[in-house]
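Shown here: target.tsv, TSV, C-alpha atoms.
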```
chain	number	residue	atom	x	y	z
A	1	MET	CA	178.98	121.16	34.71
A	2	LYS	CA	181.83	122.25	36.98
A	3	LEU	CA	181.10	121.30	40.56
A	4	ASN	CA	182.11	123.33	43.58
A	5	LEU	CA	183.86	122.51	46.83
A	6	ARG	CA	182.96	124.69	49.78
A	7	LEU	CA	185.98	125.32	51.98
A	8	ILE	CA	185.08	126.08	55.59
A	9	LEU	CA	187.63	128.28	57.35
A	10	ALA	CA	187.66	129.90	60.77
A	11	SER	CA	186.93	133.20	59.04
A	12	GLY	CA	183.94	131.88	57.11
A	13	THR	CA	182.98	129.93	54.00
A	14	PHE	CA	183.91	130.47	50.37
A	15	ILE	CA	183.54	128.64	47.08
A	16	VAL	CA	186.31	127.53	44.71
A	17	THR	CA	185.95	125.71	41.41
A	18	MET	CA	187.41	122.25	41.73
A	19	THR	CA	189.25	121.99	38.39
A	20	ALA	CA	192.56	122.07	40.27
A	21	PHE	CA	191.84	118.61	41.68
A	22	ALA	CA	191.43	116.95	38.26
A	23	PRO	CA	194.69	117.74	36.40
A	24	ALA	CA	195.75	116.64	32.94
A	25	LYS	CA	197.87	113.51	32.44
A	26	ASP	CA	201.19	115.33	32.66
A	27	LYS	CA	200.16	116.82	36.01
A	28	PHE	CA	199.76	113.44	37.72
A	29	THR	CA	202.95	112.21	39.36
A	30	ALA	CA	204.31	108.74	38.70
A	31	ALA	CA	203.12	107.71	42.18
A	32	GLU	CA	199.59	108.97	41.48
A	33	GLN	CA	199.50	106.88	38.31
A	34	GLN	CA	200.68	103.75	40.18
A	35	GLN	CA	199.07	103.85	43.64
A	36	ILE	CA	195.36	103.42	44.32
A	37	SER	CA	195.39	105.24	47.68
A	38	ILE	CA	197.32	108.50	47.70
A	39	GLU	CA	196.73	112.01	49.03
A	40	THR	CA	195.10	114.58	46.74
A	41	PRO	CA	197.53	117.52	46.37
A	42	GLY	CA	196.11	120.81	47.57
A	43	LEU	CA	192.84	119.42	48.90
A	44	PHE	CA	193.54	120.55	52.47
A	45	SER	CA	196.07	123.27	51.70
A	46	ARG	CA	193.79	126.13	52.81
A	47	SER	CA	191.96	124.47	55.68
A	48	ASN	CA	191.80	121.19	57.58
A	49	MET	CA	188.06	121.03	56.85
A	50	VAL	CA	186.20	120.95	53.55
A	51	SER	CA	182.53	120.47	52.73
A	52	ILE	CA	181.49	118.66	49.55
A	53	ASP	CA	177.93	119.62	48.62
A	54	LEU	CA	176.18	116.79	46.77
A	55	SER	CA	172.76	118.43	46.96
A	56	SER	CA	173.37	120.63	43.89
A	57	LEU	CA	173.87	117.72	41.48
A	58	GLY	CA	171.42	117.21	38.64
A	59	SER	CA	170.34	113.90	37.11
A	60	ASN	CA	173.14	114.10	34.54
A	61	ASP	CA	175.85	114.75	37.12
A	62	TYR	CA	175.75	111.35	38.85
A	63	SER	CA	175.59	107.69	37.84
A	64	PHE	CA	175.66	104.48	39.85
A	65	PRO	CA	178.65	102.47	38.53
A	66	LEU	CA	176.49	99.55	37.35
A	67	PRO	CA	172.92	100.87	37.11
A	68	VAL	CA	171.30	97.42	36.86
A	69	GLY	CA	173.71	95.71	39.25
A	70	LYS	CA	173.10	94.45	42.78
A	71	ALA	CA	175.41	95.92	45.41
A	72	LYS	CA	176.59	94.71	48.81
A	73	LEU	CA	179.13	96.08	51.27
A	74	THR	CA	182.39	94.16	51.63
A	75	ASN	CA	185.87	94.52	53.14
A	76	GLY	CA	184.72	95.96	56.45
A	77	ASP	CA	182.10	98.18	54.76
A	78	SER	CA	184.83	100.09	52.89
A	79	GLN	CA	183.73	99.07	49.38
A	80	LEU	CA	180.90	97.69	47.28
A	81	GLU	CA	180.80	94.50	45.28
A	82	ILE	CA	178.35	95.21	42.45
A	83	SER	CA	177.21	92.07	40.64
A	84	THR	CA	175.72	92.10	37.15
A	85	LYS	CA	175.79	90.19	33.86
A	86	LYS	CA	178.71	89.44	31.54
A	87	GLY	CA	179.63	92.28	29.20
A	88	ASP	CA	177.92	95.01	31.24
A	89	ALA	CA	179.42	98.52	31.08
A	90	VAL	CA	180.96	100.16	34.14
A	91	LYS	CA	180.05	103.87	34.41
A	92	ALA	CA	181.89	106.84	35.92
A	93	MET	CA	180.12	108.07	39.04
A	94	PHE	CA	180.87	111.81	38.59
A	95	GLU	CA	182.79	113.89	36.07
A	96	GLY	CA	186.54	113.99	36.54
A	97	THR	CA	189.92	112.92	35.20
A	98	VAL	CA	191.34	109.38	35.09
A	99	ARG	CA	194.29	109.26	37.50
A	100	LEU	CA	195.11	105.56	37.26
A	101	SER	CA	194.26	102.90	34.68
A	102	ARG	CA	196.31	99.72	34.84
A	103	ASN	CA	196.50	96.13	36.02
A	104	ILE	CA	197.46	95.71	39.67
A	105	SER	CA	198.12	92.38	41.33
A	106	SER	CA	195.12	91.28	43.48
A	107	TYR	CA	192.95	94.06	41.95
A	108	GLY	CA	193.06	93.09	38.27
A	109	ASN	CA	192.30	95.88	35.84
A	110	VAL	CA	191.60	98.95	37.96
A	111	ILE	CA	190.62	102.56	37.29
A	112	VAL	CA	190.77	105.52	39.69
A	113	ILE	CA	189.04	108.77	38.76
A	114	ARG	CA	189.77	112.05	40.53
A	115	HIS	CA	186.53	113.98	40.46
A	116	THR	CA	186.01	117.71	40.27
A	117	ASN	CA	184.15	117.62	43.60
A	118	GLY	CA	187.24	116.42	45.51
A	119	LEU	CA	186.29	112.74	45.82
A	120	GLU	CA	187.97	109.84	44.03
A	121	THR	CA	186.35	106.58	42.93
A	122	MET	CA	187.92	103.20	42.22
A	123	TYR	CA	186.58	100.50	39.88
A	124	SER	CA	188.48	97.16	39.90
A	125	GLY	CA	188.23	93.63	38.64
A	126	ASN	CA	187.40	94.88	35.14
A	127	ALA	CA	187.65	92.63	32.09
A	128	GLN	CA	188.83	95.66	30.11
A	129	ASN	CA	189.61	99.28	30.90
A	130	MET	CA	188.22	101.70	28.31
A	131	VAL	CA	189.93	104.92	29.45
A	132	GLU	CA	193.50	106.18	29.85
A	133	VAL	CA	195.27	108.31	32.43
A	134	GLY	CA	194.57	112.00	31.88
A	135	GLN	CA	191.32	111.41	30.02
A	136	GLU	CA	188.39	113.57	31.12
A	137	VAL	CA	185.15	111.66	31.68
A	138	LYS	CA	181.53	112.61	32.31
A	139	ALA	CA	179.15	111.09	34.84
A	140	GLY	CA	177.58	107.99	33.29
A	141	GLN	CA	180.33	107.57	30.67
A	142	THR	CA	181.44	103.96	30.04
A	143	ILE	CA	184.93	103.49	31.47
A	144	ALA	CA	185.29	99.68	31.59
A	145	ILE	CA	183.70	96.30	30.88
A	146	VAL	CA	182.78	94.31	33.97
A	147	GLY	CA	185.01	91.33	34.75
A	148	GLY	CA	184.41	87.90	36.24
A	149	SER	CA	184.25	84.21	35.46
A	150	LYS	CA	182.16	81.05	35.94
A	151	GLY	CA	178.89	82.92	35.76
A	152	HIS	CA	179.75	85.60	38.36
A	153	TYR	CA	180.53	89.06	37.03
A	154	SER	CA	181.10	92.07	39.24
A	155	CYS	CA	182.95	95.32	39.82
A	156	THR	CA	184.59	96.20	43.12
A	157	PHE	CA	183.87	99.88	43.78
A	158	ALA	CA	185.22	102.26	46.42
A	159	ILE	CA	184.93	105.97	47.22
A	160	MET	CA	187.98	107.83	48.57
A	161	ILE	CA	188.82	111.21	50.04
A	162	ASN	CA	192.51	112.16	50.20
A	163	GLY	CA	193.46	108.49	49.77
A	164	GLY	CA	191.24	107.17	52.56
A	165	ARG	CA	188.14	105.09	51.90
A	166	VAL	CA	184.65	106.29	52.82
A	167	ASN	CA	181.84	103.88	53.63
A	168	PRO	CA	179.75	104.04	50.42
A	169	GLU	CA	176.53	104.11	52.47
A	170	THR	CA	177.53	107.56	53.72
A	171	ILE	CA	177.07	108.82	50.16
A	172	LEU	CA	174.73	106.28	48.53
A	173	ASP	CA	171.57	104.35	49.27
A	174	ILE	CA	172.93	101.06	47.96
A	175	SER	CA	169.53	99.42	47.59
A	176	SER	CA	167.99	102.18	45.45
A	177	HIS	CA	171.33	103.35	43.94
A	178	ARG	CA	170.26	106.88	44.91
A	179	LEU	CA	172.82	109.55	45.77
A	180	ARG	CA	172.08	111.03	49.18
A	181	ASN	CA	171.08	114.67	48.89
A	182	GLN	CA	173.43	116.12	51.49
A	183	ALA	CA	176.76	117.79	52.18
A	184	LEU	CA	179.82	115.86	53.38
A	185	ILE	CA	181.99	117.43	56.07
A	186	CYS	CA	185.57	116.17	55.64
A	187	GLU	CA	187.98	117.03	58.47
A	188	LYS	CA	191.69	116.15	58.28
A	189	ARG	CA	193.08	114.95	61.59
A	190	GLY	CA	196.71	113.98	61.16
A	191	GLU	CA	196.80	111.15	58.62
A	192	ARG	CA	193.05	110.51	58.88
A	193	VAL	CA	190.08	112.26	57.33
A	194	ASN	CA	186.83	112.03	59.31
A	195	VAL	CA	183.71	112.23	57.16
A	196	SER	CA	180.28	113.20	58.47
A	197	VAL	CA	177.15	114.79	57.02
A	198	SER	CA	175.85	118.29	57.71
A	199	GLY	CA	172.38	117.39	58.92
A	200	ALA	CA	170.86	115.08	56.34
A	201	GLU	CA	169.07	115.10	53.07
A	202	LEU	CA	168.80	118.80	52.40
A	203	GLY	CA	166.20	118.73	49.67
A	204	ARG	CA	163.61	116.87	51.72
A	205	GLY	CA	164.24	118.39	55.12
A	206	LEU	CA	165.73	116.42	57.98
A	207	THR	CA	163.78	113.59	59.57
A	208	LEU	CA	164.63	111.47	62.59
A	209	ASP	CA	163.05	108.38	61.03
A	210	PRO	CA	165.64	105.63	61.72
A	211	ASP	CA	164.73	103.89	58.45
A	212	GLU	CA	165.43	107.01	56.38
A	213	VAL	CA	168.72	108.25	57.86
A	214	ASN	CA	172.15	106.66	57.51
A	215	ASP	CA	174.47	106.21	60.50
A	216	PRO	CA	176.73	109.30	60.74
A	217	PHE	CA	179.17	107.51	63.07
A	218	VAL	CA	180.37	105.00	60.48
A	219	ASN	CA	183.27	107.23	59.45
A	220	SER	CA	183.38	109.80	62.24
A	221	SER	CA	183.28	109.89	66.04
A	222	THR	CA	181.28	113.15	66.09
A	223	PHE	CA	178.26	114.53	64.27
A	224	LYS	CA	176.63	117.96	64.29
A	225	LEU	CA	172.83	117.93	64.20
A	226	ASP	CA	171.31	121.29	63.25
A	227	LEU	CA	167.83	121.23	64.78
A	228	ALA	CA	166.72	123.99	62.40
A	229	GLN	CA	167.05	121.51	59.52
A	230	ILE	CA	164.37	119.21	60.96
A	231	SER	CA	161.42	120.15	58.77
A	232	GLN	CA	158.12	121.11	60.37
A	233	GLU	CA	156.33	117.91	59.39
A	234	HIS	CA	159.02	115.81	61.12
A	235	TRP	CA	158.72	117.11	64.70
A	236	ALA	CA	155.95	117.94	67.18
A	237	TYR	CA	155.83	119.14	70.76
A	238	PRO	CA	154.45	116.09	72.60
A	239	LEU	CA	151.72	117.91	74.56
A	240	PRO	CA	150.67	121.20	72.93
A	241	GLY	CA	149.15	123.80	75.26
A	242	SER	CA	150.84	122.31	78.32
A	243	HIS	CA	152.93	123.87	81.06
A	244	VAL	CA	155.86	122.42	83.00
A	245	ILE	CA	154.98	121.23	86.50
A	246	SER	CA	158.32	119.54	87.22
A	247	PRO	CA	161.54	120.25	85.28
A	248	TYR	CA	164.42	117.90	84.48
A	249	GLY	CA	167.08	117.29	87.14
A	250	GLY	CA	167.16	119.49	90.22
A	251	ARG	CA	167.30	118.22	93.79
A	252	ARG	CA	164.90	115.41	92.88
A	253	HIS	CA	167.23	114.28	90.08
A	254	HIS	CA	164.11	114.12	87.95
A	255	SER	CA	164.72	111.84	84.96
A	256	GLY	CA	162.50	113.81	82.58
A	257	VAL	CA	160.13	116.74	82.44
A	258	ASP	CA	156.51	116.63	83.63
A	259	ILE	CA	154.08	118.63	81.50
A	260	LYS	CA	150.35	119.04	82.15
A	261	THR	CA	147.16	120.09	80.39
A	262	LYS	CA	144.02	118.13	81.25
A	263	PRO	CA	143.03	114.49	81.81
A	264	ARG	CA	142.87	112.30	78.68
A	265	ASP	CA	144.56	114.90	76.49
A	266	GLU	CA	146.19	113.71	73.26
A	267	ILE	CA	149.93	112.94	73.39
A	268	LEU	CA	151.89	113.34	70.15
A	269	ALA	CA	154.98	111.51	68.91
A	270	ALA	CA	157.85	114.01	69.06
A	271	PHE	CA	159.61	112.69	65.95
A	272	ASP	CA	159.25	110.00	63.29
A	273	GLY	CA	160.30	106.62	64.62
A	274	VAL	CA	159.53	103.04	65.63
A	275	VAL	CA	157.76	102.01	68.85
A	276	THR	CA	159.97	99.76	71.00
A	277	ARG	CA	157.85	99.69	74.18
A	278	SER	CA	154.11	100.07	74.81
A	279	GLY	CA	152.56	98.83	78.02
A	280	VAL	CA	152.84	98.99	81.79
A	281	TYR	CA	156.43	99.68	82.89
A	282	PHE	CA	157.11	99.95	86.64
A	283	GLY	CA	156.45	103.45	88.06
A	284	TYR	CA	155.87	104.87	84.59
A	285	GLY	CA	152.47	103.17	84.39
A	286	TYR	CA	151.33	102.94	80.79
A	287	CYS	CA	154.54	103.84	78.96
A	288	ILE	CA	155.67	104.26	75.35
A	289	VAL	CA	159.24	104.36	74.03
A	290	ILE	CA	159.99	105.39	70.43
A	291	ARG	CA	163.33	104.84	68.69
A	292	HIS	CA	164.55	107.59	66.37
A	293	ALA	CA	167.58	108.15	64.12
A	294	TYR	CA	171.17	108.82	65.26
A	295	GLY	CA	170.66	106.94	68.57
A	296	PHE	CA	167.80	109.06	69.97
A	297	GLU	CA	164.81	107.70	71.91
A	298	THR	CA	161.81	109.41	73.51
A	299	LEU	CA	159.77	108.07	76.44
A	300	TYR	CA	156.17	108.97	77.37
A	301	GLY	CA	154.79	107.92	80.76
A	302	HIS	CA	151.67	107.76	82.98
A	303	GLN	CA	149.15	107.44	80.11
A	304	CYS	CA	145.64	106.25	80.80
A	305	LYS	CA	145.67	104.66	77.36
A	306	ASN	CA	148.24	103.78	74.68
A	307	PHE	CA	147.23	103.75	71.00
A	308	VAL	CA	150.41	102.21	69.52
A	309	LYS	CA	152.04	98.78	69.55
A	310	VAL	CA	155.65	97.58	69.61
A	311	GLY	CA	157.12	97.54	66.10
A	312	GLN	CA	154.68	100.15	64.79
A	313	LYS	CA	156.10	103.03	62.76
A	314	VAL	CA	154.82	106.44	63.82
A	315	LYS	CA	155.04	109.90	62.33
A	316	ALA	CA	155.82	113.09	64.23
A	317	GLY	CA	152.54	114.58	65.48
A	318	GLU	CA	150.70	111.26	65.46
A	319	VAL	CA	148.48	110.70	68.53
A	320	ILE	CA	150.06	107.83	70.49
A	321	GLY	CA	148.16	107.96	73.79
A	322	LEU	CA	146.10	109.93	76.32
A	323	THR	CA	147.37	111.61	79.47
A	324	GLY	CA	146.64	109.87	82.76
A	325	ARG	CA	148.02	109.15	86.23
A	326	THR	CA	148.98	105.47	86.00
A	327	GLY	CA	152.12	104.32	87.81
A	328	ARG	CA	153.65	106.62	90.41
A	329	ALA	CA	151.76	109.81	89.56
A	330	THR	CA	149.65	112.12	91.73
A	331	THR	CA	147.97	114.03	88.90
A	332	GLU	CA	147.17	113.52	85.24
A	333	HIS	CA	150.18	114.63	83.20
A	334	LEU	CA	152.82	113.49	80.71
A	335	HIS	CA	156.23	112.43	81.94
A	336	PHE	CA	158.57	112.95	78.95
A	337	GLU	CA	162.16	111.67	78.74
A	338	THR	CA	164.82	111.86	76.04
A	339	TYR	CA	167.77	109.51	75.49
A	340	PHE	CA	170.85	109.49	73.27
A	341	LYS	CA	172.78	106.24	72.89
A	342	GLY	CA	170.95	104.89	75.95
A	343	ARG	CA	171.79	107.90	78.15
A	344	ARG	CA	169.18	110.33	79.46
A	345	PHE	CA	169.61	114.01	78.71
A	346	ASN	CA	167.62	117.15	79.41
A	347	PRO	CA	164.67	117.38	76.96
A	348	ALA	CA	165.24	121.16	76.98
A	349	LEU	CA	168.25	120.55	74.71
A	350	LEU	CA	165.67	119.64	72.05
A	351	PHE	CA	162.55	121.58	72.99
A	352	ASP	CA	161.76	125.12	74.12
A	353	HIS	CA	159.01	124.20	76.60
A	354	THR	CA	157.74	127.78	76.88
A	355	ASN	CA	157.17	128.31	73.16
A	356	LYS	CA	156.52	124.63	72.32
A	357	LYS	CA	159.10	124.49	69.53
A	358	LEU	CA	162.51	123.04	68.73
A	359	GLN	CA	165.53	124.87	70.09
A	360	ALA	CA	167.45	127.03	67.59
A	361	SER	CA	170.71	125.22	68.22
A	362	VAL	CA	173.18	122.69	66.88
A	363	LEU	CA	173.79	119.51	68.88
A	364	THR	CA	177.28	118.00	68.79
A	365	LEU	CA	176.83	114.25	69.18
A	366	THR	CA	179.62	111.76	69.89
A	367	LYS	CA	179.78	108.09	69.08
A	368	GLY	CA	180.24	107.33	72.79
A	369	GLY	CA	176.95	108.99	73.75
A	370	GLY	CA	177.99	112.56	74.48
A	371	ILE	CA	175.67	115.43	73.59
A	372	LYS	CA	176.39	119.17	73.73
A	373	SER	CA	174.30	122.12	72.60
A	374	GLY	CA	175.75	125.12	70.79
A	375	LYS	CA	175.05	127.73	68.14
A	376	LEU	CA	175.97	127.67	64.45
```

Any chance you could give the structure as structure tokens?
Amino acid sequence: MKLNLRLILASGTFIVTMTAFAPAKDKFTAAEQQQISIETPGLFSRSNMVSIDLSSLGSNDYSFPLPVGKAKLTNGDSQLEISTKKGDAVKAMFEGTVRLSRNISSYGNVIVIRHTNGLETMYSGNAQNMVEVGQEVKAGQTIAIVGGSKGHYSCTFAIMINGGRVNPETILDISSHRLRNQALICEKRGERVNVSVSGAELGRGLTLDPDEVNDPFVNSSTFKLDLAQISQEHWAYPLPGSHVISPYGGRRHHSGVDIKTKPRDEILAAFDGVVTRSGVYFGYGYCIVIRHAYGFETLYGHQCKNFVKVGQKVKAGEVIGLTGRTGRATTEHLHFETYFKGRRFNPALLFDHTNKKLQASVLTLTKGGGIKSGKL
């Protein structure tokens, strides 16, 4: 199967077949056959941004390098050490062409494969390399025998884009060995390539469950969150049927939005998450705080009763409490706040309060806590 790389240009998006990035042996330069980290010729020749779609891969198009091995992040989270038993076979992750296969001081026997999807993978510390430069390989094909000594056998594995290493957790769930079903956005900035994901796992729909989503700021300082990709079962307006009685900000510098229906009405969790606060909290009265993915939190205040406890996992739409007027409140209502990286922001960036639905927008998030709304 020939994989595709989607090039994103200012004028739009188009597809090219990636065979140009996996040349035959005589097309690799001497430097490419000697150096582990080196730029991929032509990868950014048409644009400084490319998108590598991993969601289209079938079961035969991907293999974890050591399927029965145990992996852990090492070297500043830039590579995996995958431990297994003596004599185990090292597998190619995707299809591609062997760019380097040799012994390098401090790496031992090492293989680098340039894949047809634009990525490169490195496998080092091998007892024996089983492939040669220029050889085409398939996903899951044996390329080496794992190395080691004194009862410890392992392969050091890394993923690269244009010579720079990508945190493997951006692409893999290292505990389950599962490939994340998503698209990688790779943007060249000078000598660096920033890697982020376009939403999250496309096949399942996006969730804000912090236990299901990897950190997008590991390899990039910005991340674009398309709210339209949050599937219907993973969000809920916190008080259906309500109306706004006090908006965010204004002359009062209101820290959230007050929405009202009737006393003891059911309050819903806005997104999947984990409860970090549930109890009386100053002027909020009975208050609940839920932690979500990407650095988001939601706060619910003035309840007459809370139904959840700290540490409890909740699903979007789950009833977490009943509206009340505890704390500094003059009428029964829900005080709703939203946070990103510890900073409050207007809940209207997430929710259309009139229609009780998510906004049709894309949020640009920054590692430092910035948040900006825009259109696709």

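If you measure from each of A:Val314, A:Val257, A:Leu350, A:Leu322 to A:Glu337 using all atoms listed in the file, the closest one turns out to be A:Val257.
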
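Selecting by distance to (154.7, 99.3, 82.4) with a limit of 12 Å and using only C-alpha atoms, one obtains Arg277, Ser278, Gly279, Val280, Tyr281, Phe282, Gly283, Tyr284, Gly285, Tyr286, Cys287, Ile288, Val289, Leu299, Tyr300, Gly301, His302, Gln303, Cys304, Lys305, Asn306, Thr326, Gly327 and Arg328 of chain A.
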
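Residues within 8 Å of A:Arg180, counting all atoms listed in the file and excluding same-chain residues fewer than 4 positions away, are Leu54, Ser55, Thr170, Ile171, Leu172, Asp173 and Glu201 of chain A.
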
*In the coordinate frame of the file, compute which residues have an atom within 7 Å of (192.1, 116.5, 48.2) when using all atoms listed in the file, and state them as a PyMOL selection string.*
chain A and resi 21+39-44+118+161-162

*Distance atom CA of A:His333-atom CA of A:Gly370, one decimal place?*
29.2 Å

_Residue among A:Gly151, A:Gly342, A:Gly368, A:Gly321 lying closest to A:Ser220, counting only C-alpha atoms_ = A:Gly368

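Proximity to A:Phe217 was assessed for A:Lys72, A:Lys356, A:Lys341, A:Lys150 counting only C-alpha atoms; the smallest distance is recorded for A:Lys341.
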
_Separation of atom CA of A:Ala139 from atom CA of A:Ile185, in Å and rounded to one decimal_ = 22.3 Å

_Neighbouring residues of stretch 57-62 of chain A were defined as those with any atom within 7 Å, considering only C-alpha atoms; residues of the same chain fewer than 5 positions away were excluded. Please report them as a VMD selection string._
chain A and resid 93 to 94 139 to 140

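One finds atom CA of A:Ala293 at 11.9 Å from atom CA of A:His234.
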
Interface rows for stretch 24-119 of chain A against stretch 188-198 of chain A: nearest pair, Å to one decimal, 9 Å, all atoms listed in the file, as a tab-separated table:
```
residue	atom	partner	partner_atom	distance
A:Phe44	CA	A:Lys188	CA	7.5
A:Ser47	CA	A:Lys188	CA	8.7
A:Asn48	CA	A:Lys188	CA	5.1
A:Met49	CA	A:Lys188	CA	6.2
A:Val50	CA	A:Lys188	CA	8.7
A:Ser51	CA	A:Ser198	CA	8.6
```

*Name the residues in contact with A:Leu358 at a cut-off of 12 Å, using only C-alpha atoms, excluding same-chain residues fewer than 3 positions from it; report them as a list in words.*
Asp226, Leu227, Ala228, Gln229, Ile230, Ser231, Gln232, His234, Trp235, Ala236, Tyr237, Pro238, Ala270, Phe271, Pro347, Ala348, Leu349, Leu350, Phe351, Asp352, His353, Thr354, Asn355, Ser361, Val362 and Leu363 of chain A

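Of the residues under consideration (A:Lys372, A:His335, A:Arg165, A:His292), A:His292 shows the shortest atom-to-atom contact distance to A:Lys315 when counting all atoms listed in the file.
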
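Around A:Gly148, within 8 Å and counting all atoms listed in the file, the residues found are A:Lys86, A:Gly125, A:Asn126, A:Ala127, A:His152, A:Tyr153, A:Ser154, once anything fewer than 4 positions away on its own chain is removed.
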
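Between A:Thr330 and the residues A:Leu365, A:Tyr123, A:Lys260, A:Lys309, the shortest atom-to-atom distance, using all atoms listed in the file, involves A:Lys260.
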
_All residues 8 Å or closer to A:Gly96, only C-alpha atoms, same chain fewer than 5 positions away omitted, as a VMD selection string_ = chain A and resid 22 113 to 116 136 to 138
